Amino acid sequence: MKKKEKKAGKRMNKRQLANLIMDYFHSHAGEVISLKYLFEQLRLTTHPLKMLCMDIISELLLDDHITQVDKNKYRLNTHGVEMVGRFQRKSNGKNSFIPEEGGEPIFVAERNSAHAMNNDKVRITFYAKRRGKEAEGEVVEIIERAQDRFVGTLEVEKSYAFLVTEHRTLANDIFIPRDKLKGGKTGDKAIVQVIEWPDKAKNPIGQVVDILGRSGENSAEMHAILAEYGLPYSYPNSVERAAERFSLELQPADFEGREDFRRVTTFTIDPKDAKDFDDALSVRKLENGLWEVGVHIADVSHYVQEGSLIDKEAEKRATSIYLVDRTIPMLPERLCNLICSLRPDEEKLAYSVIFCLNDKAEVKSSHIAQTVICSNRRFTYEEAQQIIETRKGDYAVELLKLNELAAELRRKRFDAGAINFDRYEVKFEIDAQGKPVSVYFKTAKEANKLVEEFMLLANRTVAEFVGRVPKGKKAKVFPYRIHDLPDPEKLDNLSEFIARFGYKIRTSGTKSDVSKSINHLLDSIHGKKEENLIETVSIRAMQKAHYSVHNIGHYGLAFDYYTHFTSPIRRYPDLLVHRLLTRYLQGGRSVSEVKYEELCKHASDMEQLASNAERASIKYKQVEFMSERLGQVCDGVISGVTEWGLYVELNENKCEGMIPIRDLDDDYYEFDEKNYCLRGRRKRRIYRLGDAITVQVARANLEKKQLDFALVEH
């Protein structure tokens with residue numbers, strides 16, 4: 001028996017009735033509906049309701065939503081333009097459609113969404129724009145599902161369950177039949193796959209794919225963050241088994257064709273908690289007075305063959321992921337932490353760039369080679385820094401020389417127009433249960449910069465080797481790390497913003513003029529209270545670096561050619577670079593541009609997802625850390641201004657929370673996007689980005705990773 005349509009109530013207002021009439025026409029698309037039949041179906045029995053219905057019908061005709069077929073007979077107008085693009089779902093029902101060909105977003109009402117999910121590729125019919133209203137479309141086909149898995153907390157009843165999500169794009173909880181629960185209990189964090197969403201159903205129907213653990217438990221929450229971004233939180237057994245087949249011992253055949261650096265002083269410098277050492281530095285003075293510096297990178301491509309089981313998994317992951325308390329590696333741990341890792345006193349296969357430099361850090365010659373090395377010492381950054389500062393300790397002569405050369409390379413890079421964003425990282429001390437017990441700030445010191453400078457030099461040299469070809473010759477296909485010029489509009493906005501603090505930058509001129517101007521700004525704000533804020537806004541004016549086979553150079557580093565060669569253990573593009581280097585050094589032909597551009601795009605997308613997950617894990621720990629400090633009064637700075645409230649970063653620990661605009665109840669505040677501020681309509685009080693502010697920790701919602709502050713009036 002057909003489910004009856006919802007009927008109009010006697011007290012229905014015009015807007016409610018209009019929605020009901022449109023719903024009826026949409027659910028009977030293609031049918032001719034008479035006015036009398038519409039009265040009957042919607043039970044419009046009173047004269048006022050019938051008159052209101054006729055009034056709405058007249059408006060729908062004028063707005064081209066329906067067509068008059070005959071006297072008092074109408075049909076839904078479906079003659080709109082069809083378009084393909086991405087559907088963006090909002091939990092408040094204000095969904096939108098982003099056309100594939102570009103252009104303004106188009107509003108799609110919930111009744112016209114056909115239950116499309118966020119980021120689904122859809123086809124819509126685009127209706128004529130209604131007078132005084134925004135353009136509107138209707139989903140007529142879901143071409144490709146973007147996501148069908150959601151993370152949330154289970155609520156289990158006697159014969160059914162729901163997954164309660166904090167997903168901002170899903171308005172309704174997911175209904176789960178009892179036999180699809182996979183043993184899940186109330187309070188479990190779970191991944192649920194949507195299996196259907198019937199036309200007339202309010203809730204999508206799903207089945208439990210995996211139980212992550214109890215809500216609130218550290219591992220369950222970290223795995224939930226990964227799952228939320230569609231990232232892996234475990235390693236397939238078949239891939240782990242494939243890694244077990246590799247021998248720890250090098251065989252005589254492994255040494256063939258390799259340069260031997262085992263007797264050259266070599267060491268690694270890494271974070272104290274690092275387990276995978278994918279780069280090492282060697283240094284020795286040559287008879288001609290030059291310094292030979294070797295940048296040695298783990299030769300992952302020797303072990304991970306293209307198309308193998310391990311390679312396919314690595315390609316899919318594209319990057320290692322670094323959450324607050326754990327690393328989710330791109331490669332199986334046996335490879336990344338043991339076989340490929342350049343551990344001390346172990347013979348290892350490497351891919352190396354060997355430089356001959358003079359005391360002014362001028363590169364007199366360089367070559368790329370596959371090598372075998374044996375690291376003499378594993379330094380932490382802290383240990384290397386102490387030797388640099390005290391000028392005493394293991395391999396002090398070598399370390400100090402490398403530091404001297406690196407400092408000169410760095411100076412030249414900035415003289416050429418590289419931008420000096422020298423930011424600190426917020427880190428948490430975590431106890432055995434994963435609970436944050438304190439916050440500290442990690443800043444790059446000379447030891448960090450020493451390693452960074454030689455890695456940059458190696459990456460640049462490899463990119464130039466392939467990309468810089470004689471005039472008239474075409475460069476072979478290669479993955480580059482590219483970074484475009486700043487967005488001119490964002491640069492103008494930055495200029496206006498910093499003028500409030502008394503600073504200036506150039507927004508036109510050569511690339512070098514602009515970058516040097518930005519560097520001058522960064523030098524000027526160093527140590528000032530507005531430093532972090534202006535640096536943040538400056539970074540927002542920059543484009544994002546990404547991978548592509550179409551080289552445009554790297555603006556931020558001031559390099560015409562740049563790639564990623566130095567971290568194949570944790571980045572898939574580096575592994576691609578190693579393979580292509582081997583191919584081209586042996587005289588091989590170029591590879592498919594289309595295939596490698598797709599691989600570059602996938603790697604860039606996965607890098608962004610991993611970065612989002614990392615930020616979400618930091619946010620979770622910030623909220624967890626502050627949840628034990630409810631009521632505490634703190635000084636901070638306004639770090640973000642939006643139409644829904646003020647973001648505030650606390651001075652003491654850099655935790656960020658929000659003052660919802662609803663809590664600013666002394667006036668009606670309007671958002672001024674151009675000037676980064678909220679302005680009171682009556683009292684004209686202004687809250688600006690960068691303003692000092694005192695707040696009280698009001699609420700900490702771990703489920704939503706949301707920290708709310710209340711304004712403390714002085």
# chains A, B, ... in the order shown; residues from 1 in each chain; ligands from 1

call {"tool": "select_by_dssp", "arguments": {"residues": "range 53-175 of chain A", "states": "helix (DSSP H, G or I)", "output": "PyMOL selection string"}}
result
chain A and resi 53-62+110-112

call {"tool": "write_last_selection", "arguments": {"atoms": "C-alpha atoms", "output": "PDB file, in the first residue's frame"}}
result
ATOM      1  CA  CYS A  53      -2.813  27.398  -2.646  1.00  0.00           C
ATOM      2  CA  MET A  54      -3.969  29.247  -5.792  1.00  0.00           C
ATOM      3  CA  ASP A  55      -1.830  32.232  -4.836  1.00  0.00           C
ATOM      4  CA  ILE A  56       1.239  29.937  -4.484  1.00  0.00           C
ATOM      5  CA  ILE A  57       0.462  28.212  -7.815  1.00  0.00           C
ATOM      6  CA  SER A  58       0.424  31.649  -9.529  1.00  0.00           C
ATOM      7  CA  GLU A  59       3.857  32.449  -8.048  1.00  0.00           C
ATOM      8  CA  LEU A  60       5.289  29.068  -9.054  1.00  0.00           C
ATOM      9  CA  LEU A  61       4.082  29.706 -12.616  1.00  0.00           C
ATOM     10  CA  LEU A  62       5.702  33.151 -12.659  1.00  0.00           C
ATOM     11  CA  GLU A 110      16.957  19.079   0.935  1.00  0.00           C
ATOM     12  CA  ARG A 111      13.757  17.999  -0.838  1.00  0.00           C
ATOM     13  CA  ASN A 112      15.639  18.205  -4.170  1.00  0.00           C
TER      14      ASN A 112
END

call {"tool": "residues_around", "arguments": {"residues": "Ser508 in chain A", "least_positions_apart": "6", "cutoff": "12 Å", "atoms": "only C-alpha atoms", "output": "JSON, numbers by chain"}}
result
{"A": [485, 486, 487, 488, 489, 491, 492, 495, 514, 515, 516, 517, 518]}

call {"tool": "write_last_selection", "arguments": {"atoms": "N, CA and C atoms", "output": "short mmCIF file (atom, residue, chain, number, x, y, z; two decimals), in the first residue's frame"}}
result
data_model
loop_
_atom_site.label_atom_id
_atom_site.label_comp_id
_atom_site.auth_asym_id
_atom_site.auth_seq_id
_atom_site.Cartn_x
_atom_site.Cartn_y
_atom_site.Cartn_z
N LEU A 485 53.16 31.69 -7.37
CA LEU A 485 53.24 33.02 -6.77
C LEU A 485 52.02 33.28 -5.88
N PRO A 486 52.14 34.18 -4.90
CA PRO A 486 50.99 34.48 -4.03
C PRO A 486 49.82 35.03 -4.83
N ASP A 487 48.61 34.76 -4.32
CA ASP A 487 47.39 35.31 -4.92
C ASP A 487 47.42 36.83 -4.76
N PRO A 488 47.35 37.60 -5.88
CA PRO A 488 47.45 39.07 -5.79
C PRO A 488 46.42 39.70 -4.85
N GLU A 489 45.18 39.18 -4.88
CA GLU A 489 44.13 39.73 -4.02
C GLU A 489 44.46 39.50 -2.55
N LEU A 491 47.41 39.09 -1.33
CA LEU A 491 48.57 39.92 -1.01
C LEU A 491 48.13 41.35 -0.69
N ASP A 492 47.16 41.86 -1.45
CA ASP A 492 46.61 43.20 -1.18
C ASP A 492 45.93 43.23 0.19
N SER A 495 48.52 43.33 2.84
CA SER A 495 49.09 44.68 2.91
C SER A 495 48.20 45.62 3.74
N VAL A 514 58.99 41.06 -4.31
CA VAL A 514 57.88 40.76 -3.39
C VAL A 514 58.37 39.86 -2.26
N SER A 515 59.13 38.80 -2.60
CA SER A 515 59.58 37.86 -1.56
C SER A 515 60.54 38.53 -0.58
N LYS A 516 61.41 39.39 -1.08
CA LYS A 516 62.34 40.10 -0.18
C LYS A 516 61.58 41.06 0.74
N SER A 517 60.50 41.63 0.20
CA SER A 517 59.66 42.52 1.00
C SER A 517 58.96 41.73 2.13
N ILE A 518 58.51 40.52 1.80
CA ILE A 518 57.86 39.66 2.81
C ILE A 518 58.89 39.28 3.88
#

call {"tool": "residues_around", "arguments": {"residues": "Leu599 in chain A", "least_positions_apart": "3", "cutoff": "12 Å", "atoms": "only C-alpha atoms", "output": "short mmCIF file (atom, residue, chain, number, x, y, z; two decimals) with N, CA and C atoms, in the first residue's frame"}}
result
data_model
loop_
_atom_site.label_atom_id
_atom_site.label_comp_id
_atom_site.auth_asym_id
_atom_site.auth_seq_id
_atom_site.Cartn_x
_atom_site.Cartn_y
_atom_site.Cartn_z
N LYS A 312 51.82 -1.16 -4.29
CA LYS A 312 50.42 -0.75 -4.47
C LYS A 312 49.85 -0.13 -3.19
N ALA A 314 51.68 1.29 -0.81
CA ALA A 314 52.38 2.57 -0.61
C ALA A 314 51.81 3.65 -1.52
N GLU A 315 51.51 3.30 -2.76
CA GLU A 315 50.92 4.26 -3.70
C GLU A 315 49.58 4.76 -3.19
N LYS A 316 48.78 3.84 -2.68
CA LYS A 316 47.45 4.19 -2.16
C LYS A 316 47.57 5.15 -0.97
N ARG A 317 48.50 4.85 -0.06
CA ARG A 317 48.68 5.69 1.14
C ARG A 317 49.37 7.01 0.79
N ALA A 318 50.38 6.93 -0.06
CA ALA A 318 51.11 8.10 -0.60
C ALA A 318 51.98 8.84 0.41
N PHE A 478 58.71 14.10 -15.12
CA PHE A 478 59.30 14.00 -13.78
C PHE A 478 58.37 14.67 -12.78
N PRO A 479 58.23 14.11 -11.57
CA PRO A 479 57.39 14.77 -10.55
C PRO A 479 58.17 15.92 -9.88
N TYR A 480 57.65 17.12 -10.00
CA TYR A 480 58.26 18.29 -9.36
C TYR A 480 57.42 18.69 -8.15
N HIS A 546 52.48 21.83 -4.17
CA HIS A 546 51.96 20.51 -4.51
C HIS A 546 52.84 19.84 -5.56
N TYR A 547 52.47 18.62 -5.92
CA TYR A 547 53.26 17.86 -6.90
C TYR A 547 52.64 17.99 -8.29
N SER A 548 53.51 18.07 -9.30
CA SER A 548 53.03 18.10 -10.68
C SER A 548 54.19 17.78 -11.62
N VAL A 549 53.86 17.24 -12.80
CA VAL A 549 54.90 17.02 -13.82
C VAL A 549 55.10 18.30 -14.64
N TYR A 572 55.55 8.94 -1.13
CA TYR A 572 55.55 8.16 -2.37
C TYR A 572 56.18 8.92 -3.55
N PRO A 573 55.98 10.24 -3.71
CA PRO A 573 56.62 10.94 -4.84
C PRO A 573 58.14 10.76 -4.85
N ASP A 574 58.77 10.69 -3.66
CA ASP A 574 60.22 10.49 -3.59
C ASP A 574 60.61 9.13 -4.17
N LEU A 575 59.78 8.14 -3.92
CA LEU A 575 60.02 6.80 -4.47
C LEU A 575 59.90 6.82 -5.99
N LEU A 576 58.90 7.57 -6.51
CA LEU A 576 58.76 7.73 -7.96
C LEU A 576 59.99 8.41 -8.55
N VAL A 577 60.49 9.43 -7.86
CA VAL A 577 61.68 10.16 -8.31
C VAL A 577 62.88 9.22 -8.39
N SER A 592 54.81 8.16 -19.23
CA SER A 592 53.53 8.79 -19.56
C SER A 592 53.26 10.02 -18.69
N GLU A 593 53.08 11.16 -19.35
CA GLU A 593 52.79 12.41 -18.63
C GLU A 593 51.47 12.32 -17.89
N VAL A 594 50.45 11.75 -18.54
CA VAL A 594 49.11 11.65 -17.95
C VAL A 594 49.14 10.78 -16.69
N LYS A 595 49.79 9.62 -16.79
CA LYS A 595 49.86 8.70 -15.65
C LYS A 595 50.55 9.35 -14.45
N TYR A 596 51.68 10.01 -14.71
CA TYR A 596 52.45 10.58 -13.59
C TYR A 596 51.80 11.84 -13.03
N HIS A 602 47.20 12.57 -6.84
CA HIS A 602 46.81 11.69 -5.74
C HIS A 602 47.70 11.94 -4.52
N ALA A 603 49.02 12.08 -4.76
CA ALA A 603 49.95 12.31 -3.65
C ALA A 603 49.66 13.65 -2.97
N SER A 604 49.36 14.68 -3.77
CA SER A 604 49.03 16.00 -3.20
C SER A 604 47.76 15.93 -2.37
N ASP A 605 46.74 15.22 -2.89
CA ASP A 605 45.47 15.07 -2.16
C ASP A 605 45.67 14.33 -0.85
N MET A 606 46.46 13.25 -0.87
CA MET A 606 46.70 12.45 0.34
C MET A 606 47.53 13.24 1.36
#

call {"tool": "select_by_dssp", "arguments": {"residues": "range 584-694 of chain A", "states": "strand (DSSP E)", "output": "ChimeraX atom specification"}}
result
/A:633-642,645-650,656-660,669-672,677-680,686-688,692-694

call {"tool": "closest_residue", "arguments": {"among": "A:Val69, A:Ala274, A:Val466, A:Val283", "to": "His296 in chain A", "atoms": "only C-alpha atoms"}}
result
A:Val283

call {"tool": "closest_residue", "arguments": {"among": "A:Ala109, A:Ala463, A:Ile388, A:Val264", "to": "Phe559 in chain A", "atoms": "only C-alpha atoms"}}
result
A:Ala463

call {"tool": "residues_around", "arguments": {"residues": "Pro660 in chain A", "least_positions_apart": "2", "cutoff": "7 Å", "atoms": "only C-alpha atoms", "output": "ChimeraX atom specification"}}
result
/A:644-646,658,662-663

call {"tool": "closest_atom_pairs", "arguments": {"of": "range 390-492 of chain A", "to": "range 610-625 of chain A", "cutoff": "10 Å", "atoms": "only C-alpha atoms", "output": "Markdown table"}}
result
| residue | atom | partner | partner_atom | distance |
| --- | --- | --- | --- | --- |
| A:Val426 | CA | A:Ile618 | CA | 8.5 |
| A:Lys427 | CA | A:Ile618 | CA | 8.3 |
| A:Phe428 | CA | A:Lys621 | CA | 7.9 |
| A:Ile430 | CA | A:Lys621 | CA | 9.3 |
| A:Gly434 | CA | A:Lys621 | CA | 9.1 |
| A:Lys435 | CA | A:Glu624 | CA | 7.8 |
| A:Pro436 | CA | A:Phe625 | CA | 5.8 |
| A:Val437 | CA | A:Phe625 | CA | 7.2 |
| A:Ser438 | CA | A:Phe625 | CA | 7.9 |
| A:Val439 | CA | A:Phe625 | CA | 8.9 |

call {"tool": "residues_around", "arguments": {"residues": "range 368-375 of chain A", "least_positions_apart": "2", "cutoff": "8 Å", "atoms": "only C-alpha atoms", "output": "MDAnalysis selection string"}}
result
chainID A and resid 255 257:263 265:268 280 299 342:354 366 377:378 462

call {"tool": "write_last_selection", "arguments": {"atoms": "C-alpha atoms", "output": "CSV table (one decimal), in the first residue's frame"}}
result
chain,number,residue,atom,x,y,z
A,255,PHE,CA,76.8,-4.0,-4.2
A,257,GLY,CA,77.5,-0.8,-9.7
A,258,ARG,CA,77.4,1.1,-6.4
A,259,GLU,CA,79.9,3.6,-5.1
A,260,ASP,CA,81.4,2.6,-1.7
A,261,PHE,CA,81.1,5.2,1.1
A,262,ARG,CA,81.4,2.8,4.0
A,263,ARG,CA,84.8,4.2,5.1
A,265,THR,CA,82.5,9.6,8.0
A,266,THR,CA,78.7,9.4,7.9
A,267,PHE,CA,76.0,10.2,10.4
A,268,THR,CA,72.2,10.7,10.7
A,280,ALA,CA,72.4,10.6,6.2
A,299,ASP,CA,67.3,3.3,-1.5
A,342,LEU,CA,70.0,4.1,7.7
A,343,ARG,CA,70.8,2.7,11.2
A,344,PRO,CA,74.3,3.2,12.8
A,345,ASP,CA,76.9,0.5,12.3
A,346,GLU,CA,74.8,-1.3,9.6
A,347,GLU,CA,75.7,-1.5,5.9
A,348,LYS,CA,72.9,0.1,4.0
A,349,LEU,CA,72.0,0.7,0.3
A,350,ALA,CA,71.5,4.4,-0.5
A,351,TYR,CA,70.7,6.7,-3.4
A,352,SER,CA,73.1,9.7,-3.1
A,353,VAL,CA,73.9,13.1,-4.4
A,354,ILE,CA,77.6,13.9,-3.9
A,366,SER,CA,78.1,17.1,-8.2
A,377,ARG,CA,76.7,7.7,14.6
A,378,ARG,CA,73.0,8.4,15.2
A,462,VAL,CA,68.1,16.2,-8.8

call {"tool": "closest_residue", "arguments": {"among": "A:Ile693, A:Leu338, A:Leu309, A:Leu450", "to": "Asp270 in chain A", "atoms": "only C-alpha atoms"}}
result
A:Leu450

call {"tool": "residues_around", "arguments": {"residues": "Lys360 in chain A", "least_positions_apart": "3", "cutoff": "8 Å", "atoms": "only C-alpha atoms", "output": "list in words"}}
result
Leu357, Leu405 and Glu408 of chain A

call {"tool": "write_last_selection", "arguments": {"atoms": "N, CA and C atoms", "output": "mmCIF file, in the first residue's frame"}}
result
data_model
loop_
_atom_site.group_PDB
_atom_site.id
_atom_site.type_symbol
_atom_site.label_atom_id
_atom_site.label_comp_id
_atom_site.auth_asym_id
_atom_site.auth_seq_id
_atom_site.Cartn_x
_atom_site.Cartn_y
_atom_site.Cartn_z
ATOM 1 N N LEU A 357 82.269 21.081 -2.611
ATOM 2 C CA LEU A 357 82.056 22.498 -2.317
ATOM 3 C C LEU A 357 83.342 23.128 -1.804
ATOM 4 N N LEU A 405 78.907 25.431 6.224
ATOM 5 C CA LEU A 405 78.504 25.388 4.809
ATOM 6 C C LEU A 405 76.997 25.602 4.661
ATOM 7 N N GLU A 408 75.941 29.206 4.997
ATOM 8 C CA GLU A 408 76.251 29.973 3.788
ATOM 9 C C GLU A 408 75.238 29.669 2.675
#

call {"tool": "atom_distance", "arguments": {"atom1": "CA of Val637 in chain A", "atom2": "CA of Ala698 in chain A"}}
result
16.6 Å

call {"tool": "atom_distance", "arguments": {"atom1": "CA of Ile33 in chain A", "atom2": "CA of Met51 in chain A"}}
result
17.1 Å

call {"tool": "atom_distance", "arguments": {"atom1": "CA of Ala444 in chain A", "atom2": "CA of Leu402 in chain A"}}
result
16.5 Å

call {"tool": "residues_around", "arguments": {"residues": "range 271-273 of chain A", "least_positions_apart": "6", "cutoff": "8 Å", "atoms": "only C-alpha atoms", "output": "PDB file with C-alpha atoms, in the first residue's frame"}}
result
ATOM      1  CA  THR A 380      69.363  13.484  17.807  1.00  0.00           C
ATOM      2  CA  TYR A 381      68.833  17.149  16.892  1.00  0.00           C
ATOM      3  CA  GLU A 382      69.472  18.052  20.529  1.00  0.00           C
TER       4      GLU A 382
END

call {"tool": "closest_residue", "arguments": {"among": "A:Met222, A:Thr510, A:Ser308, A:Leu399", "to": "Val324 in chain A", "atoms": "only C-alpha atoms"}}
result
A:Met222
